[in-house]
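Shown here: start_37.pdb, PDB, C-alpha atoms and all ligand atoms.
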```pdb
ATOM      1  CA  MET U 269      79.904  77.095 133.544  1.00  0.00           C
ATOM      2  CA  THR U 270      80.045  75.402 136.912  1.00  0.00           C
ATOM      3  CA  VAL U 271      81.357  72.104 138.125  1.00  0.00           C
ATOM      4  CA  PRO U 272      78.523  69.655 138.846  1.00  0.00           C
ATOM      5  CA  GLU U 273      77.599  69.037 142.455  1.00  0.00           C
ATOM      6  CA  PRO U 274      78.072  65.546 143.900  1.00  0.00           C
ATOM      7  CA  ARG U 275      75.539  62.922 142.984  1.00  0.00           C
ATOM      8  CA  ALA U 276      73.701  63.304 146.277  1.00  0.00           C
ATOM      9  CA  SER U 277      72.317  66.608 145.079  1.00  0.00           C
ATOM     10  CA  ALA U 278      71.463  65.388 141.595  1.00  0.00           C
ATOM     11  CA  PRO U 279      68.317  66.809 140.072  1.00  0.00           C
ATOM     12  CA  GLU U 280      65.645  64.654 138.493  1.00  0.00           C
ATOM     13  CA  SER U 281      67.060  62.398 135.801  1.00  0.00           C
ATOM     14  CA  THR U 282      64.501  63.846 133.427  1.00  0.00           C
ATOM     15  CA  ASP U 283      66.697  66.938 133.099  1.00  0.00           C
ATOM     16  CA  PRO U 284      68.303  66.460 129.682  1.00  0.00           C
ATOM     17  CA  ASP U 285      71.146  68.871 130.456  1.00  0.00           C
ATOM     18  CA  TRP U 286      72.269  67.077 133.545  1.00  0.00           C
ATOM     19  CA  SER U 287      74.892  64.343 133.614  1.00  0.00           C
ATOM     20  CA  GLU U 288      76.239  62.293 136.508  1.00  0.00           C
ATOM     21  CA  GLU U 289      79.696  62.537 135.025  1.00  0.00           C
ATOM     22  CA  PRO U 290      82.018  65.455 135.754  1.00  0.00           C
ATOM     23  CA  THR U 291      82.407  68.054 133.078  1.00  0.00           C
ATOM     24  CA  PRO U 292      85.033  66.592 130.734  1.00  0.00           C
ATOM     25  CA  VAL U 293      88.173  68.669 130.457  1.00  0.00           C
ATOM     26  CA  CYS U 294      91.069  68.018 128.119  1.00  0.00           C
ATOM     27  CA  PRO U 295      94.226  68.005 130.259  1.00  0.00           C
ATOM     28  CA  GLU U 296      96.314  69.331 127.388  1.00  0.00           C
ATOM     29  CA  ASP U 297      93.991  72.259 127.007  1.00  0.00           C
ATOM     30  CA  LEU U 298      94.838  74.611 129.837  1.00  0.00           C
ATOM     31  CA  SER U 299      92.586  77.245 128.361  1.00  0.00           C
ATOM     32  CA  GLU U 300      91.021  80.143 130.203  1.00  0.00           C
ATOM     33  CA  GLY U 301      87.879  78.025 130.353  1.00  0.00           C
ATOM     34  CA  THR U 302      89.766  75.293 132.150  1.00  0.00           C
ATOM     35  CA  TRP U 303      91.144  77.775 134.647  1.00  0.00           C
ATOM     36  CA  GLU U 304      87.619  79.132 135.163  1.00  0.00           C
ATOM     37  CA  LEU U 305      86.409  75.623 135.978  1.00  0.00           C
ATOM     38  CA  LEU U 306      89.225  75.203 138.477  1.00  0.00           C
ATOM     39  CA  ARG U 307      88.457  78.548 140.077  1.00  0.00           C
ATOM     40  CA  ALA U 308      84.778  77.632 140.360  1.00  0.00           C
ATOM     41  CA  GLU U 309      85.631  74.352 142.057  1.00  0.00           C
ATOM     42  CA  ALA U 310      88.151  76.023 144.386  1.00  0.00           C
ATOM     43  CA  LYS U 311      85.507  78.548 145.451  1.00  0.00           C
ATOM     44  CA  ARG U 312      82.916  75.806 145.929  1.00  0.00           C
ATOM     45  CA  ALA U 313      85.370  73.781 148.021  1.00  0.00           C
ATOM     46  CA  MET U 314      86.227  76.879 150.077  1.00  0.00           C
ATOM     47  CA  THR U 315      82.616  77.091 151.247  1.00  0.00           C
ATOM     48  CA  LYS U 316      82.997  73.618 152.795  1.00  0.00           C
ATOM     49  CA  ALA U 317      85.976  74.577 154.970  1.00  0.00           C
ATOM     50  CA  TYR U 318      85.925  73.852 158.710  1.00  0.00           C
ATOM     51  CA  VAL U 319      87.727  76.838 160.207  1.00  0.00           C
ATOM     52  CA  PRO U 320      86.206  77.706 163.610  1.00  0.00           C
ATOM     53  CA  TYR U 321      89.573  78.870 164.993  1.00  0.00           C
ATOM     54  CA  SER U 322      91.175  80.932 162.258  1.00  0.00           C
ATOM     55  CA  ASN U 323      88.079  81.825 160.237  1.00  0.00           C
ATOM     56  CA  PHE U 324      90.429  81.578 157.240  1.00  0.00           C
ATOM     57  CA  PRO U 325      88.738  79.247 154.769  1.00  0.00           C
ATOM     58  CA  VAL U 326      90.751  77.917 151.850  1.00  0.00           C
ATOM     59  CA  GLY U 327      89.600  76.035 148.784  1.00  0.00           C
ATOM     60  CA  ALA U 328      91.769  74.167 146.313  1.00  0.00           C
ATOM     61  CA  ALA U 329      91.095  72.548 142.958  1.00  0.00           C
ATOM     62  CA  GLY U 330      93.171  70.360 140.707  1.00  0.00           C
ATOM     63  CA  LEU U 331      92.820  69.155 137.142  1.00  0.00           C
ATOM     64  CA  VAL U 332      93.700  65.474 136.774  1.00  0.00           C
ATOM     65  CA  ASP U 333      95.302  64.033 133.643  1.00  0.00           C
ATOM     66  CA  ASP U 334      92.098  62.176 132.774  1.00  0.00           C
ATOM     67  CA  GLY U 335      90.052  65.370 132.831  1.00  0.00           C
ATOM     68  CA  ARG U 336      88.601  65.079 136.319  1.00  0.00           C
ATOM     69  CA  ILE U 337      88.559  68.059 138.609  1.00  0.00           C
ATOM     70  CA  VAL U 338      89.118  67.380 142.296  1.00  0.00           C
ATOM     71  CA  GLY U 339      88.761  69.810 145.155  1.00  0.00           C
ATOM     72  CA  GLY U 340      89.564  70.232 148.793  1.00  0.00           C
ATOM     73  CA  CYS U 341      89.061  72.531 151.774  1.00  0.00           C
ATOM     74  CA  ASN U 342      91.032  73.158 154.930  1.00  0.00           C
ATOM     75  CA  ILE U 343      89.907  71.321 158.058  1.00  0.00           C
ATOM     76  CA  GLU U 344      91.041  72.734 161.383  1.00  0.00           C
ATOM     77  CA  ASN U 345      91.362  70.977 164.700  1.00  0.00           C
ATOM     78  CA  ALA U 346      91.303  72.032 168.355  1.00  0.00           C
ATOM     79  CA  SER U 347      94.832  70.646 168.408  1.00  0.00           C
ATOM     80  CA  PHE U 348      96.015  73.290 165.949  1.00  0.00           C
ATOM     81  CA  GLY U 349      99.083  71.407 164.769  1.00  0.00           C
ATOM     82  CA  VAL U 350      97.079  68.635 163.155  1.00  0.00           C
ATOM     83  CA  THR U 351      95.013  70.984 160.997  1.00  0.00           C
ATOM     84  CA  LEU U 352      94.669  69.815 157.418  1.00  0.00           C
ATOM     85  CA  CYS U 353      95.346  72.172 154.530  1.00  0.00           C
ATOM     86  CA  ALA U 354      92.940  72.236 151.592  1.00  0.00           C
ATOM     87  CA  GLU U 355      95.530  70.390 149.514  1.00  0.00           C
ATOM     88  CA  CYS U 356      95.288  67.447 151.914  1.00  0.00           C
ATOM     89  CA  SER U 357      91.601  66.882 151.264  1.00  0.00           C
ATOM     90  CA  LEU U 358      92.176  67.539 147.550  1.00  0.00           C
ATOM     91  CA  LEU U 359      94.651  64.657 147.468  1.00  0.00           C
ATOM     92  CA  SER U 360      92.179  62.481 149.359  1.00  0.00           C
ATOM     93  CA  GLU U 361      89.584  63.168 146.697  1.00  0.00           C
ATOM     94  CA  LEU U 362      92.182  62.514 143.999  1.00  0.00           C
ATOM     95  CA  PHE U 363      92.791  59.012 145.317  1.00  0.00           C
ATOM     96  CA  MET U 364      89.214  58.269 146.329  1.00  0.00           C
ATOM     97  CA  THR U 365      88.031  59.053 142.806  1.00  0.00           C
ATOM     98  CA  GLY U 366      90.603  57.013 140.913  1.00  0.00           C
ATOM     99  CA  GLY U 367      94.048  58.558 141.352  1.00  0.00           C
ATOM    100  CA  GLY U 368      96.009  60.010 138.447  1.00  0.00           C
ATOM    101  CA  ARG U 369      98.405  62.890 137.971  1.00  0.00           C
ATOM    102  CA  LEU U 370      97.615  66.525 138.666  1.00  0.00           C
ATOM    103  CA  VAL U 371      98.241  68.806 135.686  1.00  0.00           C
ATOM    104  CA  ALA U 372      96.835  72.142 136.921  1.00  0.00           C
ATOM    105  CA  PHE U 373      96.139  73.624 140.339  1.00  0.00           C
ATOM    106  CA  ASP U 374      94.306  76.612 141.761  1.00  0.00           C
ATOM    107  CA  CYS U 375      93.728  77.803 145.310  1.00  0.00           C
ATOM    108  CA  VAL U 376      91.613  80.582 146.834  1.00  0.00           C
ATOM    109  CA  ASP U 377      91.129  82.295 150.183  1.00  0.00           C
ATOM    110  CA  GLY U 378      87.817  83.214 151.758  1.00  0.00           C
ATOM    111  CA  GLU U 379      87.418  86.195 149.444  1.00  0.00           C
ATOM    112  CA  GLY U 380      88.013  84.073 146.380  1.00  0.00           C
ATOM    113  CA  ASN U 381      91.438  85.586 145.794  1.00  0.00           C
ATOM    114  CA  THR U 382      94.336  83.527 144.493  1.00  0.00           C
ATOM    115  CA  LEU U 383      96.314  81.980 147.324  1.00  0.00           C
ATOM    116  CA  VAL U 384      99.692  80.269 147.384  1.00  0.00           C
ATOM    117  CA  PRO U 385     100.083  76.722 148.668  1.00  0.00           C
ATOM    118  CA  CYS U 386     102.176  76.562 151.834  1.00  0.00           C
ATOM    119  CA  GLY U 387     105.603  74.954 151.749  1.00  0.00           C
ATOM    120  CA  ARG U 388     104.394  71.590 152.972  1.00  0.00           C
ATOM    121  CA  CYS U 389     101.647  71.497 150.372  1.00  0.00           C
ATOM    122  CA  ARG U 390     104.047  72.333 147.551  1.00  0.00           C
ATOM    123  CA  GLN U 391     105.803  69.120 148.506  1.00  0.00           C
ATOM    124  CA  LEU U 392     102.493  67.239 148.648  1.00  0.00           C
ATOM    125  CA  LEU U 393     101.486  68.512 145.211  1.00  0.00           C
ATOM    126  CA  PHE U 394     104.919  67.785 143.703  1.00  0.00           C
ATOM    127  CA  GLU U 395     104.536  64.101 144.550  1.00  0.00           C
ATOM    128  CA  HIS U 396     101.376  63.883 142.423  1.00  0.00           C
ATOM    129  CA  GLY U 397     102.059  66.416 139.697  1.00  0.00           C
ATOM    130  CA  GLY U 398     105.819  66.657 139.321  1.00  0.00           C
ATOM    131  CA  ASN U 399     107.728  69.545 137.810  1.00  0.00           C
ATOM    132  CA  ASP U 400     105.168  70.082 135.037  1.00  0.00           C
ATOM    133  CA  LEU U 401     102.162  70.736 137.268  1.00  0.00           C
ATOM    134  CA  VAL U 402     100.998  74.257 136.449  1.00  0.00           C
ATOM    135  CA  LEU U 403      99.965  76.351 139.446  1.00  0.00           C
ATOM    136  CA  ASN U 404      97.916  79.516 139.413  1.00  0.00           C
ATOM    137  CA  MET U 405      99.923  81.839 141.659  1.00  0.00           C
ATOM    138  CA  PRO U 406      99.261  85.490 142.570  1.00  0.00           C
ATOM    139  CA  SER U 407     102.221  86.454 140.365  1.00  0.00           C
ATOM    140  CA  GLY U 408     100.944  84.377 137.435  1.00  0.00           C
ATOM    141  CA  ARG U 409     100.873  80.763 136.317  1.00  0.00           C
ATOM    142  CA  ALA U 410     104.031  78.814 136.897  1.00  0.00           C
ATOM    143  CA  PRO U 411     105.208  75.214 136.744  1.00  0.00           C
ATOM    144  CA  MET U 412     106.076  73.381 139.935  1.00  0.00           C
ATOM    145  CA  SER U 413     109.742  73.479 138.882  1.00  0.00           C
ATOM    146  CA  VAL U 414     109.557  77.225 139.619  1.00  0.00           C
ATOM    147  CA  VAL U 415     107.226  77.069 142.622  1.00  0.00           C
ATOM    148  CA  LEU U 416     109.318  74.349 144.305  1.00  0.00           C
ATOM    149  CA  PRO U 417     112.728  74.304 142.599  1.00  0.00           C
ATOM    150  CA  GLU U 418     115.014  71.298 142.906  1.00  0.00           C
ATOM    151  CA  ALA U 419     112.334  69.423 144.813  1.00  0.00           C
ATOM    152  CA  PHE U 420     112.984  66.236 146.693  1.00  0.00           C
ATOM    153  CA  GLY U 421     110.758  63.498 145.356  1.00  0.00           C
ATOM    154  CA  PRO U 422     110.192  59.857 144.475  1.00  0.00           C
ATOM    155  CA  ASP U 423     113.103  59.810 142.024  1.00  0.00           C
ATOM    156  CA  HIS U 424     115.542  60.383 144.846  1.00  0.00           C
ATOM    157  CA  LEU U 425     114.306  57.313 146.674  1.00  0.00           C
ATOM    158  CA  ALA U 426     114.277  55.217 143.505  1.00  0.00           C
ATOM    159  CA  GLY U 427     117.917  56.061 142.854  1.00  0.00           C
ATOM    160  CA  ALA U 428     119.104  55.633 146.401  1.00  0.00           C
ATOM    161  CA  PRO U 429     121.350  52.682 147.201  1.00  0.00           C
ATOM    162  CA  SER U 430     119.737  50.256 149.615  1.00  0.00           C
ATOM    163  CA  GLY U 431     121.168  48.731 152.766  1.00  0.00           C
ATOM    164  CA  HIS U 432     124.601  47.086 152.427  1.00  0.00           C
ATOM    165  CA  GLU U 433     124.734  47.931 148.726  1.00  0.00           C
ATOM    166  CA  ALA U 434     125.311  51.563 149.595  1.00  0.00           C
ATOM    167  CA  LYS U 435     128.225  53.184 147.797  1.00  0.00           C
ATOM    168  CA  HIS U 436     131.520  53.431 149.604  1.00  0.00           C
TER     169      HIS U 436
HETATM  170 ZN    ZN E 501      99.374  73.712 153.188  1.00  0.00          ZN
END
```
So that I can check it, write out the structure of this file as structure tokens.
Ligand SMILES: [Zn+2]
Amino acid sequence: MTVPEPRASAPESTDPDWSEEPTPVCPEDLSEGTWELLRAEAKRAMTKAYVPYSNFPVGAAGLVDDGRIVGGCNIENASFGVTLCAECSLLSELFMTGGGRLVAFDCVDGEGNTLVPCGRCRQLLFEHGGNDLVLNMPSGRAPMSVVLPEAFGPDHLAGAPSGHEAKH
């Protein structure tokens, strides 16, 4: 089973098996089938990568709590330091398609092998998935609380004293 292509490549509407909507996925059901869908999307996204300098394409896919699957690829730049990781474009798609919380995440290299998110991207993913986001890592599936333990996040800012009300 594959994740549908964007609408721009939609076949004739006479195809009874085709739907404009993404394949529905139950976020509570992190079955092998769900992980296969994520892997398929990560591999598809990887083929879109812009990597003329490193030739190291990366694809990422995330399951959203409403069942959507969003993807992203890395996008390099001649000014190397501003290169975008695949997780960056994944989060752009997350917000451009309605937002929500990430519940599962997968990432692949150019060979389709499982890849770890870099340190910065663990922080990016934590913001939108929290400690319960399940990541497919080379060593196995693990929650974000293991992948990025004791993470700094929105709760720290919410609990911080503000301005002159700061504790003495
Ligand atoms: Zn990264």
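Atom pair CA of Asp334 in chain U / CA of His396 in chain U: separated by 13.5 Å.
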Study note, to complete from the structure: The residue from U:Leu305, U:Ala346, U:Val384, U:Leu298 with the smallest atom-to-atom distance to ligand ZN 501 (chain E), counting only C-alpha atoms and all ligand atoms, is U:Val384
Practice item. Place a sphere of radius 9 Å on (107.1, 72.6, 137.9) in the file coordinates and name every protein, DNA or RNA residue with an atom inside or on its surface, counting all atoms listed in the file; give the answer as a list in words. Key: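 Returned residue set, sorted by chain then number, is Phe394, Gly397, Gly398, Asn399, Asp400, Leu401, Val402, Leu403, Ala410, Pro411, Met412, Ser413, Val414, Val415, Leu416 and Pro417 of chain U.
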Those same residues - C-alpha atoms - I'd like them written as a PDB file, keeping the file's coordinate frame.
```
ATOM      1  CA  PHE U 394     104.919  67.785 143.703  1.00  0.00           C
ATOM      2  CA  GLY U 397     102.059  66.416 139.697  1.00  0.00           C
ATOM      3  CA  GLY U 398     105.819  66.657 139.321  1.00  0.00           C
ATOM      4  CA  ASN U 399     107.728  69.545 137.810  1.00  0.00           C
ATOM      5  CA  ASP U 400     105.168  70.082 135.037  1.00  0.00           C
ATOM      6  CA  LEU U 401     102.162  70.736 137.268  1.00  0.00           C
ATOM      7  CA  VAL U 402     100.998  74.257 136.449  1.00  0.00           C
ATOM      8  CA  LEU U 403      99.965  76.351 139.446  1.00  0.00           C
ATOM      9  CA  ALA U 410     104.031  78.814 136.897  1.00  0.00           C
ATOM     10  CA  PRO U 411     105.208  75.214 136.744  1.00  0.00           C
ATOM     11  CA  MET U 412     106.076  73.381 139.935  1.00  0.00           C
ATOM     12  CA  SER U 413     109.742  73.479 138.882  1.00  0.00           C
ATOM     13  CA  VAL U 414     109.557  77.225 139.619  1.00  0.00           C
ATOM     14  CA  VAL U 415     107.226  77.069 142.622  1.00  0.00           C
ATOM     15  CA  LEU U 416     109.318  74.349 144.305  1.00  0.00           C
ATOM     16  CA  PRO U 417     112.728  74.304 142.599  1.00  0.00           C
TER      17      PRO U 417
END
```
**Study point:** Atom-to-atom span, CA of Asn323 in chain U and CA of Met405 in chain U, Å
**Key:** 22.0 Å
**Study point:** Residues in the PyMOL selection byres (((not hetatm)) within 8 of (chain E and resi 501)), expressed as a count of residues only
**Key:** 11
Given all atoms listed in the file, how would the per-residue table for range 330-383 of chain U near range 306-322 of chain U read, listing every residue at most 10 Å away with its closest atom pair and distance in Å to one decimal, sorted by chain and number, as a Markdown table?
```
| residue | atom | partner | partner_atom | distance |
| --- | --- | --- | --- | --- |
| U:Gly330 | CA | U:Leu306 | CA | 6.6 |
| U:Leu331 | CA | U:Leu306 | CA | 7.2 |
| U:Ile337 | CA | U:Leu306 | CA | 7.2 |
| U:Val338 | CA | U:Glu309 | CA | 7.8 |
| U:Gly339 | CA | U:Ala313 | CA | 6.0 |
| U:Gly340 | CA | U:Ala313 | CA | 5.5 |
| U:Cys341 | CA | U:Ala317 | CA | 4.9 |
| U:Asn342 | CA | U:Ala317 | CA | 5.3 |
| U:Ile343 | CA | U:Tyr318 | CA | 4.8 |
| U:Glu344 | CA | U:Val319 | CA | 5.4 |
| U:Asn345 | CA | U:Tyr321 | CA | 8.1 |
| U:Ala346 | CA | U:Tyr321 | CA | 7.8 |
| U:Phe348 | CA | U:Tyr321 | CA | 8.6 |
| U:Thr351 | CA | U:Val319 | CA | 9.4 |
| U:Leu352 | CA | U:Tyr318 | CA | 9.7 |
| U:Cys353 | CA | U:Ala317 | CA | 9.7 |
| U:Ala354 | CA | U:Ala317 | CA | 8.1 |
| U:Ser357 | CA | U:Ala313 | CA | 9.8 |
| U:Leu358 | CA | U:Ala313 | CA | 9.2 |
| U:Ala372 | CA | U:Leu306 | CA | 8.3 |
| U:Phe373 | CA | U:Leu306 | CA | 7.3 |
| U:Asp374 | CA | U:Leu306 | CA | 6.2 |
| U:Cys375 | CA | U:Ala310 | CA | 5.9 |
| U:Val376 | CA | U:Ala310 | CA | 6.2 |
| U:Asp377 | CA | U:Met314 | CA | 7.3 |
| U:Gly378 | CA | U:Met314 | CA | 6.7 |
| U:Glu379 | CA | U:Lys311 | CA | 8.8 |
| U:Gly380 | CA | U:Lys311 | CA | 6.1 |
| U:Asn381 | CA | U:Lys311 | CA | 9.2 |
| U:Thr382 | CA | U:Arg307 | CA | 8.9 |
```
Just write the chosen residues, C-alpha atoms, as a compact mmCIF listing (two decimals), keeping the file's coordinate frame.
```txt
# COMPACT_ATOMS: atom_id res chain seq x y z
CA GLY U 330 93.17 70.36 140.71
CA LEU U 331 92.82 69.16 137.14
CA ILE U 337 88.56 68.06 138.61
CA VAL U 338 89.12 67.38 142.30
CA GLY U 339 88.76 69.81 145.16
CA GLY U 340 89.56 70.23 148.79
CA CYS U 341 89.06 72.53 151.77
CA ASN U 342 91.03 73.16 154.93
CA ILE U 343 89.91 71.32 158.06
CA GLU U 344 91.04 72.73 161.38
CA ASN U 345 91.36 70.98 164.70
CA ALA U 346 91.30 72.03 168.36
CA PHE U 348 96.02 73.29 165.95
CA THR U 351 95.01 70.98 161.00
CA LEU U 352 94.67 69.82 157.42
CA CYS U 353 95.35 72.17 154.53
CA ALA U 354 92.94 72.24 151.59
CA SER U 357 91.60 66.88 151.26
CA LEU U 358 92.18 67.54 147.55
CA ALA U 372 96.84 72.14 136.92
CA PHE U 373 96.14 73.62 140.34
CA ASP U 374 94.31 76.61 141.76
CA CYS U 375 93.73 77.80 145.31
CA VAL U 376 91.61 80.58 146.83
CA ASP U 377 91.13 82.30 150.18
CA GLY U 378 87.82 83.21 151.76
CA GLU U 379 87.42 86.20 149.44
CA GLY U 380 88.01 84.07 146.38
CA ASN U 381 91.44 85.59 145.79
CA THR U 382 94.34 83.53 144.49
```
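Note that CA of Leu359 in chain U and CA of Gln391 in chain U are 12.1 Å apart.
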Check your understanding: Can you tell me, as a PyMOL selection string, which residues sit within 9 Å of (85.7, 61.3, 139.5) in the file's frame, using only C-alpha atoms?
Key -> chain U and resi 289-290+335-338+361-362+364-367
